[in-house]
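Heads up, the thing below is written out as structure tokens.
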Amino acid sequence: MSTPAQSGLYIVATPIGNLGDLSRRAEETLGLADIILVEDTRVTGKLLNHIGKKAKMMVYNDHKSAADRAFILDAIRCKIVALVSDAGTPLISDPGYKLVRDAQAAGLYVTTIPGPSAAIAALTLSGLPSDRFLFEGFLPSKTKARSEALVALKDLNASLIFYENGSRLGAMLADAHTVLGERKAAVVREITKRFEESVTGSLSELAQRYDAEKPKGEIVVIIGPPGAPEAASEQDIEAALREALDRLPASKAAGEVARTFNTDRKALYELANRWKAEK
Ligand code: SAM
């Protein structure tokens with residue numbers, strides 16, 4: 001589909017800084033929409049102005065009452081309704097989840113016009129492992145609650161993605177260092193804008209730097225997975241692979257051990273097959 005023709009809910013991603021990132025399908029959909037659900041009419045108004053379109057806007061957030069949502073569902077039944085957020089992909093630390101859930105439950109047509117999201121853009125710029133990641137969004141602002149949230153993520157073998165703001169950045173990095181220990185991390189700022197930067201370092205280095213400096217603009221923090229255990233020797237890795245092979249087929253065992261020790265999955269898979277052939 002290149003142009004929306006049928007009534008339904010169209011989830012439309014918009015740029016996170018550079019208006020050139022608005023896709024052609026997003027532009028077409030916004031142009032054809034009968035109603036655009038927005039977070040802020042001024043922000044989306046500027047985007048519509050940029051593409052030379054006018055449309056009826058209605059403010060939407062997930063705290064709207066069920067009655068308000070029912071009214072919107074009625075509109076979705078017979079009109080083209082687009083959902084946007086101020087920037088990036090709706091539903092990602094932005095409103096929309098409850099509306100999509102209810103529209104699908106009501107059997108209405110729901111589709112997405114994918115595009116930019118700061119989380120994914122930052123991951124690609126961080127220089128940190130991108131094969132497994134967890135998006136956490138904003139952490140709580142108080143140290144106690146923030147530390148508790150970080151404890152729950154401590155043992156995940158994945159890069160962690162957080163949204164943050166400049167005034168809390170130093171404290172957040174310090175808590176992350178205390179709870180997660182030393183790890184590689186990146187502070188990715190102002191993606192697609194004039195002052196875009198990706199500052200990488202260890203958590204302690206970054207915590208120190210941003211304790212003194214409160215950076216301006218929009219920020220994503222990426223924290224790398226826990227490193228391979230320092231003492232992991234070839235024997236440790238082989239023992240782990242033998243143990244995993246008791247539970248799992250070779251490909252899965254190799255994958256699990258490769259992730260744990262941050263090592264080459266293919267080589268482990270070949271080793272597992274060699275052992276099997278030698279039996
Ligand atoms: N739904 C959006 C998305 O898909 O990217 C995110 C909305 S969330 C309310 C806004 C947060 O995203 C900001 O506080 C910041 O952490 C991050 N963000 C948005 N635009 C950014 C950019 N250009 N550079 C870095 N971070 C950005």
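Ordered as shown in the structure tokens, chains take letters A, B, and onward, while each chain numbers its residues from 1 and ligands are numbered from 1 in the order shown.
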
For the contact check between chain A and ligand 1, emit one row per residue of chain A within 6 Å, containing the shortest atom pair and the distance in Å rounded to one decimal, counting only C-alpha atoms and all ligand atoms, chain then rising number order, as JSON lines.
{"residue": "A:Ile16", "atom": "CA", "partner": "ligand 1", "partner_atom_place_in_ligand_line": "23 (N)", "distance": 4.6}
{"residue": "A:Gly17", "atom": "CA", "partner": "ligand 1", "partner_atom_place_in_ligand_line": "23 (N)", "distance": 5.0}
{"residue": "A:Ala87", "atom": "CA", "partner": "ligand 1", "partner_atom_place_in_ligand_line": "2 (C)", "distance": 5.5}
{"residue": "A:Gly88", "atom": "CA", "partner": "ligand 1", "partner_atom_place_in_ligand_line": "4 (O)", "distance": 3.7}
{"residue": "A:Thr89", "atom": "CA", "partner": "ligand 1", "partner_atom_place_in_ligand_line": "4 (O)", "distance": 3.8}
{"residue": "A:Pro90", "atom": "CA", "partner": "ligand 1", "partner_atom_place_in_ligand_line": "1 (N)", "distance": 5.1}
{"residue": "A:Ile92", "atom": "CA", "partner": "ligand 1", "partner_atom_place_in_ligand_line": "1 (N)", "distance": 4.4}
{"residue": "A:Ser93", "atom": "CA", "partner": "ligand 1", "partner_atom_place_in_ligand_line": "8 (S)", "distance": 5.0}
{"residue": "A:Asp94", "atom": "CA", "partner": "ligand 1", "partner_atom_place_in_ligand_line": "1 (N)", "distance": 5.1}
{"residue": "A:Ser117", "atom": "CA", "partner": "ligand 1", "partner_atom_place_in_ligand_line": "4 (O)", "distance": 3.5}
{"residue": "A:Ala118", "atom": "CA", "partner": "ligand 1", "partner_atom_place_in_ligand_line": "5 (O)", "distance": 3.6}
{"residue": "A:Ala119", "atom": "CA", "partner": "ligand 1", "partner_atom_place_in_ligand_line": "5 (O)", "distance": 5.7}
{"residue": "A:Tyr163", "atom": "CA", "partner": "ligand 1", "partner_atom_place_in_ligand_line": "16 (O)", "distance": 3.7}
{"residue": "A:Glu164", "atom": "CA", "partner": "ligand 1", "partner_atom_place_in_ligand_line": "16 (O)", "distance": 4.6}
{"residue": "A:Asn165", "atom": "CA", "partner": "ligand 1", "partner_atom_place_in_ligand_line": "14 (O)", "distance": 5.9}
{"residue": "A:Arg189", "atom": "CA", "partner": "ligand 1", "partner_atom_place_in_ligand_line": "25 (C)", "distance": 4.5}
{"residue": "A:Glu190", "atom": "CA", "partner": "ligand 1", "partner_atom_place_in_ligand_line": "24 (N)", "distance": 3.7}
{"residue": "A:Ile191", "atom": "CA", "partner": "ligand 1", "partner_atom_place_in_ligand_line": "24 (N)", "distance": 3.8}
{"residue": "A:Thr192", "atom": "CA", "partner": "ligand 1", "partner_atom_place_in_ligand_line": "23 (N)", "distance": 5.9}
{"residue": "A:Glu218", "atom": "CA", "partner": "ligand 1", "partner_atom_place_in_ligand_line": "26 (N)", "distance": 4.2}
{"residue": "A:Ile219", "atom": "CA", "partner": "ligand 1", "partner_atom_place_in_ligand_line": "26 (N)", "distance": 4.0}
{"residue": "A:Val220", "atom": "CA", "partner": "ligand 1", "partner_atom_place_in_ligand_line": "26 (N)", "distance": 4.9}

Kindly export the residues of the current selection with all heavy atoms, as a short mmCIF file (atom, residue, chain, number, x, y, z; two decimals), in the first residue's frame.
data_model
loop_
_atom_site.label_atom_id
_atom_site.label_comp_id
_atom_site.auth_asym_id
_atom_site.auth_seq_id
_atom_site.Cartn_x
_atom_site.Cartn_y
_atom_site.Cartn_z
N ILE A 16 12.85 12.76 14.27
CA ILE A 16 13.29 13.07 15.64
C ILE A 16 14.21 14.29 15.63
O ILE A 16 14.91 14.55 16.60
CB ILE A 16 13.99 11.87 16.31
CG1 ILE A 16 15.17 11.36 15.46
CG2 ILE A 16 13.00 10.75 16.56
CD1 ILE A 16 16.04 10.34 16.20
N GLY A 17 14.20 15.04 14.56
CA GLY A 17 15.04 16.24 14.51
C GLY A 17 15.13 16.79 13.10
O GLY A 17 14.82 17.95 12.85
N ALA A 87 7.54 13.53 18.28
CA ALA A 87 8.68 13.14 17.45
C ALA A 87 8.87 11.64 17.57
O ALA A 87 8.59 11.06 18.61
CB ALA A 87 9.95 13.85 17.95
N GLY A 88 9.32 11.03 16.49
CA GLY A 88 9.64 9.60 16.53
C GLY A 88 8.42 8.72 16.36
O GLY A 88 7.43 9.10 15.74
N THR A 89 8.49 7.54 16.94
CA THR A 89 7.47 6.53 16.75
C THR A 89 6.46 6.56 17.89
O THR A 89 6.85 6.44 19.05
CB THR A 89 8.16 5.13 16.67
OG1 THR A 89 9.05 5.13 15.55
CG2 THR A 89 7.15 4.03 16.51
N PRO A 90 5.17 6.72 17.55
CA PRO A 90 4.14 6.67 18.60
C PRO A 90 4.23 5.35 19.38
O PRO A 90 4.73 4.34 18.84
CB PRO A 90 2.83 6.74 17.82
CG PRO A 90 3.19 7.41 16.54
CD PRO A 90 4.59 6.96 16.22
N ILE A 92 6.22 4.46 21.62
CA ILE A 92 7.55 4.20 22.21
C ILE A 92 7.83 5.34 23.19
O ILE A 92 8.18 6.45 22.76
CB ILE A 92 8.64 4.11 21.11
CG1 ILE A 92 8.26 3.07 20.06
CG2 ILE A 92 9.99 3.77 21.74
CD1 ILE A 92 8.03 1.65 20.60
N SER A 93 7.58 5.09 24.49
CA SER A 93 7.59 6.14 25.52
C SER A 93 6.68 7.29 25.11
O SER A 93 6.97 8.45 25.40
CB SER A 93 9.01 6.67 25.79
OG SER A 93 9.77 5.72 26.46
N ASP A 94 5.64 6.97 24.41
CA ASP A 94 4.66 7.96 23.93
C ASP A 94 3.28 7.32 23.91
O ASP A 94 3.17 6.09 23.93
CB ASP A 94 5.04 8.43 22.52
CG ASP A 94 5.95 9.66 22.56
OD1 ASP A 94 5.90 10.40 23.56
OD2 ASP A 94 6.69 9.89 21.59
N SER A 117 13.03 6.30 15.31
CA SER A 117 12.84 6.21 16.75
C SER A 117 14.20 6.45 17.39
O SER A 117 15.20 5.85 16.96
CB SER A 117 12.29 4.84 17.15
OG SER A 117 12.05 4.86 18.55
N ALA A 118 14.24 7.33 18.39
CA ALA A 118 15.53 7.71 18.99
C ALA A 118 16.25 6.50 19.56
O ALA A 118 17.48 6.43 19.52
CB ALA A 118 15.30 8.76 20.07
N ALA A 119 15.50 5.54 20.12
CA ALA A 119 16.12 4.37 20.76
C ALA A 119 16.99 3.60 19.76
O ALA A 119 18.16 3.30 20.02
CB ALA A 119 15.04 3.46 21.34
N TYR A 163 16.04 6.49 27.85
CA TYR A 163 15.86 7.91 27.54
C TYR A 163 16.22 8.69 28.81
O TYR A 163 15.96 8.24 29.93
CB TYR A 163 14.41 8.20 27.13
CG TYR A 163 14.04 7.69 25.74
CD1 TYR A 163 12.72 7.46 25.39
CD2 TYR A 163 15.03 7.45 24.78
CE1 TYR A 163 12.38 7.00 24.11
CE2 TYR A 163 14.69 6.99 23.51
CZ TYR A 163 13.38 6.77 23.18
OH TYR A 163 13.05 6.33 21.92
N GLU A 164 16.81 9.87 28.63
CA GLU A 164 17.23 10.64 29.81
C GLU A 164 17.23 12.12 29.47
O GLU A 164 17.12 12.50 28.30
CB GLU A 164 18.65 10.16 30.21
CG GLU A 164 19.04 10.41 31.64
CD GLU A 164 17.91 10.31 32.66
OE1 GLU A 164 17.18 11.31 32.80
OE2 GLU A 164 17.74 9.28 33.33
N ASN A 165 17.33 12.96 30.50
CA ASN A 165 17.50 14.38 30.20
C ASN A 165 18.77 14.90 30.85
O ASN A 165 19.33 14.27 31.76
CB ASN A 165 16.25 15.20 30.57
CG ASN A 165 16.08 15.30 32.08
OD1 ASN A 165 17.03 15.60 32.80
ND2 ASN A 165 14.88 15.05 32.53
N ARG A 189 23.41 12.06 21.76
CA ARG A 189 22.67 13.31 21.97
C ARG A 189 22.28 13.95 20.65
O ARG A 189 23.04 13.86 19.67
CB ARG A 189 23.64 14.25 22.71
CG ARG A 189 23.01 15.23 23.68
CD ARG A 189 24.09 15.87 24.51
NE ARG A 189 25.05 16.59 23.71
CZ ARG A 189 24.89 17.83 23.24
NH1 ARG A 189 23.79 18.49 23.50
NH2 ARG A 189 25.82 18.41 22.51
N GLU A 190 21.10 14.55 20.62
CA GLU A 190 20.69 15.39 19.50
C GLU A 190 20.82 14.70 18.13
O GLU A 190 21.30 15.27 17.16
CB GLU A 190 21.52 16.68 19.51
CG GLU A 190 21.23 17.59 20.70
CD GLU A 190 19.86 18.26 20.59
OE1 GLU A 190 18.90 17.66 21.09
OE2 GLU A 190 19.77 19.35 20.01
N ILE A 191 20.34 13.45 18.09
CA ILE A 191 20.45 12.65 16.87
C ILE A 191 19.73 13.34 15.71
O ILE A 191 18.59 13.81 15.88
CB ILE A 191 19.84 11.25 17.11
CG1 ILE A 191 20.52 10.58 18.30
CG2 ILE A 191 19.96 10.37 15.88
CD1 ILE A 191 19.74 9.40 18.86
N THR A 192 20.38 13.35 14.59
CA THR A 192 19.91 13.97 13.32
C THR A 192 19.86 15.49 13.37
O THR A 192 19.36 16.14 12.44
CB THR A 192 18.53 13.45 12.81
OG1 THR A 192 17.49 14.01 13.64
CG2 THR A 192 18.42 11.94 12.81
N GLU A 218 18.37 16.56 23.59
CA GLU A 218 17.72 15.27 23.86
C GLU A 218 18.78 14.17 23.90
O GLU A 218 19.72 14.16 23.10
CB GLU A 218 16.69 15.00 22.78
CG GLU A 218 15.63 16.10 22.78
CD GLU A 218 14.40 15.68 22.07
OE1 GLU A 218 14.39 15.81 20.84
OE2 GLU A 218 13.46 15.21 22.73
N ILE A 219 18.55 13.23 24.83
CA ILE A 219 19.63 12.28 25.14
C ILE A 219 19.11 10.85 25.23
O ILE A 219 18.06 10.59 25.80
CB ILE A 219 20.25 12.64 26.51
CG1 ILE A 219 20.92 14.01 26.41
CG2 ILE A 219 21.25 11.58 26.98
CD1 ILE A 219 21.23 14.64 27.74
N VAL A 220 19.91 9.93 24.68
CA VAL A 220 19.68 8.50 24.91
C VAL A 220 20.97 7.94 25.50
O VAL A 220 22.06 8.27 25.04
CB VAL A 220 19.36 7.75 23.59
CG1 VAL A 220 19.06 6.28 23.88
CG2 VAL A 220 18.17 8.39 22.87
#

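Counting only C-alpha atoms, Ala267 (chain A) has the following residues at most 12 Å away, ignoring those fewer than 4 positions along the same chain: Ile237, Glu238, Leu241, Ala250, Ser251, Ala253, Ala254, Gly255, Val257, Ala258, Thr263, Leu271, Ala272, Asn273 and Arg274 of chain A.
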
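Put simply, CA of Val188 (chain A) is 13.6 Å away from CA of Lys214 (chain A).
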
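Here CA of Met57 (chain A) is placed at a distance of 5.7 Å from CA of Ile35 (chain A).
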
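Residue nearest Gln104 (chain A), chosen from A:Arg77, A:Arg209, A:His50, A:Arg168 and counting only C-alpha atoms: A:Arg77.
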